[in-house]
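Peer 1: What follows is a structure written as structure tokens; I'll ask about it next.
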Amino acid sequence: MHASVEQPHGDQEAQPLLVVRDLQAYYRTSHAGVRRGIRAVDGVSFTVRRGEIYGLAGESSSGKTTLIKSIAGAIKPPLEIVGGSMEFAFLSGYGGLHRAARAELERIRWRHLSYIMQGSMNVLNPVRRVRSSFVDFAYPHIGGSLKQFEQLVVAHLARVKLDPSVLTAFPHELSGGMRQRAALALATICRPGFIIADEPTTALDVVVQKEVLGMIRGIQRETGSSVLFVTHDMGVHAHITDRLAIMYAGRLVEEAATAEIFRNPLHPYTKNLISSLPRIGEDAPRAGLAGAPPNLADPPSGCRFHPRCPLASEICCREVPVMREASSGHRVACFAVNGGDGA
Ligand SMILES: Nc1ncnc2c1ncn2[C@@H]1O[C@H](COP(=O)(O)OP(=O)(O)OP(=O)(O)O)[C@@H](O)[C@H]1O
């Protein structure tokens with residue numbers, strides 16, 4: 001197969017940066033001779049536009065990590081891509097990074113696609129000084145003399161309010177917030193078109209979290225990158241994302257502009273997520289949803305939310321609701337909202 005790495009230009013500006021179509025990613029496991037498929041991502045479709053922060057929310061085990069592993073091409077057994085495609089504007093023709101050759105991936109990573117993860121130790125090599133991570137990952141893409149490169153790194157570190165001295169430090173010598181800012185600088189120095197942010201501020205205290213979110217937003221605006229921002233924390237989504245998708249048990253149930261989701265949630269699951277957020281001045285915790293998320297090795301028939309849904313009717317047990325536009329730019333997969341057969 002032949003694919004090409006493309007630079008955004010001219011009429012490509014209007015194109016989406018990532019189109020995910022009907023993605024199915026399953027874990028194939030075998031226990032005591034019994035083979036099972038855990039349907040962690042099952043029929044997910046969405047588009048990330050150029051220059052937006054697209055949020056993905058959902059409780060633990062809803063499939064968020066599996067979805068970003070699939071998009072990043074980080075597929076290892078027992079995870080398998082069973083169906084669908086993930087098309088990046090900068091790599092056309094493959095249907096997913098998992099199909100790209102190693103050399104192609106090396107050219108793409110950091111330059112076109114980078115990551116900010118929870119606990120930046122994953123990215124910053126713990127046994128080498130911070131400078132080495134910049135030289136290893138970013139220098140091959142930026143080139144020039146090492147002196148010029150270091151000047152660029154120092155200028156970029158200043159954007160995230162870090163002193164050049166962090167370059168000579170080992171990651172463990174930095175505070176959690178400093179490490180996460182160094183990881184942010186590393187992820188953005190090559191001005192990649194696409195950044196995957198996976199719970200990047202979850203381990204930080206509230207003040208540092210706000211500061212790092214502000215920096216992510218500031219650099220993203222400056223570089224025009226698209227960000228896929230994954231967290232279970234709805235407060236963080238409210239703070240930083242432009243559009244937001246809600247995931248439940250391996251499927252998307254709702255997607256809209258973030259402000260619209262908070263103002264006018266339509267899916268019963270989203271309504272519950274939002275109504276259970278703590279409000280300023282309230283002492284008592286709000287009631288959560290009864291029941292537990294389903295076992296994805298044997299998910300419920302029809303709508304996977306139906307066993308917990310206050311609005312469930314007979315059709316919800318039988319048929320899978322598809323994502324439909326309820327109003328402009330607001331998609332929801334629910335028979336109670338879309339009516340009848342979900343059409
Ligand atoms: N290596 C694995 N082998 C088998 N099943 C797995 C594996 N990793 C994840 N799963 C299962 O896949 C489903 C989705 O998990 P995933 O980690 O993608 O969810 P998540 O939304 O990212 O959760 P969290 O927020 O807790 O990380 C879960 O049922 C989980 O148990």
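Labeling convention for the structure tokens: chains A, B, ... as they appear, residues from 1 per chain, ligands from 1 in order of appearance.
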Enumerate as a list in words the residues within 6 Å of ligand 1, counting only C-alpha atoms and all ligand atoms.
Peer 2: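 Taking only C-alpha atoms and all ligand atoms into account, the residues around ligand 1 at most 6 Å away are Tyr27, Ala40, Glu59, Ser60, Ser61, Ser62, Gly63, Lys64, Thr65, Thr66 and Leu296 of chain A.
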Peer 1: What parts of stretch 231-326 of chain A does DSSP call strand (DSSP E)? I'd like the answer as a VMD selection string.
Peer 2: chain A and resid 243 to 248 251 to 257 324 to 326
Peer 1: Set out as JSON lines a contact list for stretch 22-123 of chain A and stretch 176-194 of chain A with a cut-off of 8 Å, giving each residue of stretch 22-123 of chain A that qualifies its closest atom pair and distance in Å to one decimal, counting only C-alpha atoms, ordered by chain and rising residue number.
Peer 2:
{"residue": "A:Arg50", "atom": "CA", "partner": "A:Gly193", "partner_atom": "CA", "distance": 7.9}
{"residue": "A:Trp110", "atom": "CA", "partner": "A:Pro192", "partner_atom": "CA", "distance": 6.5}
{"residue": "A:Arg111", "atom": "CA", "partner": "A:Pro192", "partner_atom": "CA", "distance": 5.0}
{"residue": "A:His112", "atom": "CA", "partner": "A:Pro192", "partner_atom": "CA", "distance": 4.2}
{"residue": "A:Leu113", "atom": "CA", "partner": "A:Phe194", "partner_atom": "CA", "distance": 4.8}
{"residue": "A:Ser114", "atom": "CA", "partner": "A:Ala187", "partner_atom": "CA", "distance": 5.4}
{"residue": "A:Tyr115", "atom": "CA", "partner": "A:Ala187", "partner_atom": "CA", "distance": 5.9}
{"residue": "A:Ile116", "atom": "CA", "partner": "A:Leu184", "partner_atom": "CA", "distance": 6.2}
{"residue": "A:Gly119", "atom": "CA", "partner": "A:Gln180", "partner_atom": "CA", "distance": 7.2}
{"residue": "A:Ser120", "atom": "CA", "partner": "A:Gln180", "partner_atom": "CA", "distance": 5.6}
{"residue": "A:Met121", "atom": "CA", "partner": "A:Arg179", "partner_atom": "CA", "distance": 7.9}
{"residue": "A:Val123", "atom": "CA", "partner": "A:Ala183", "partner_atom": "CA", "distance": 7.0}
Peer 1: Which one is closest to A:Arg304: A:Gly250, A:Pro164, A:Pro171, A:Pro77? Count only C-alpha atoms.
Peer 2: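 Ranked by minimum distance to A:Arg304, first place goes to A:Gly250.
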Peer 1: Please, what distance in Å, to one decimal, runs between atom CA of A:Cys334 and atom CA of A:Ser301?
Peer 2: 14.0 Å
Peer 1: Which of these, A:Ser70, A:Ser133, A:Asn295, A:Ser313, has the shortest distance to A:Gly84 once you count only C-alpha atoms?
Peer 2: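 Of the candidates, the smallest distance to A:Gly84 is held by A:Ser70.
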Peer 1: Between atom CA of A:Val208 and atom CA of A:Met117, what is the distance, to one decimal in Å?
Peer 2: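 Atom-to-atom, atom CA of A:Val208 and atom CA of A:Met117 are spaced 15.6 Å apart.
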Peer 1: Considering only C-alpha atoms, can you say which of A:Cys309, A:Leu17, A:Leu97, A:Leu56 comes closest to A:Thr231?
Peer 2: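 When distances to A:Thr231 are compared using only C-alpha atoms, the smallest one comes from A:Leu56.
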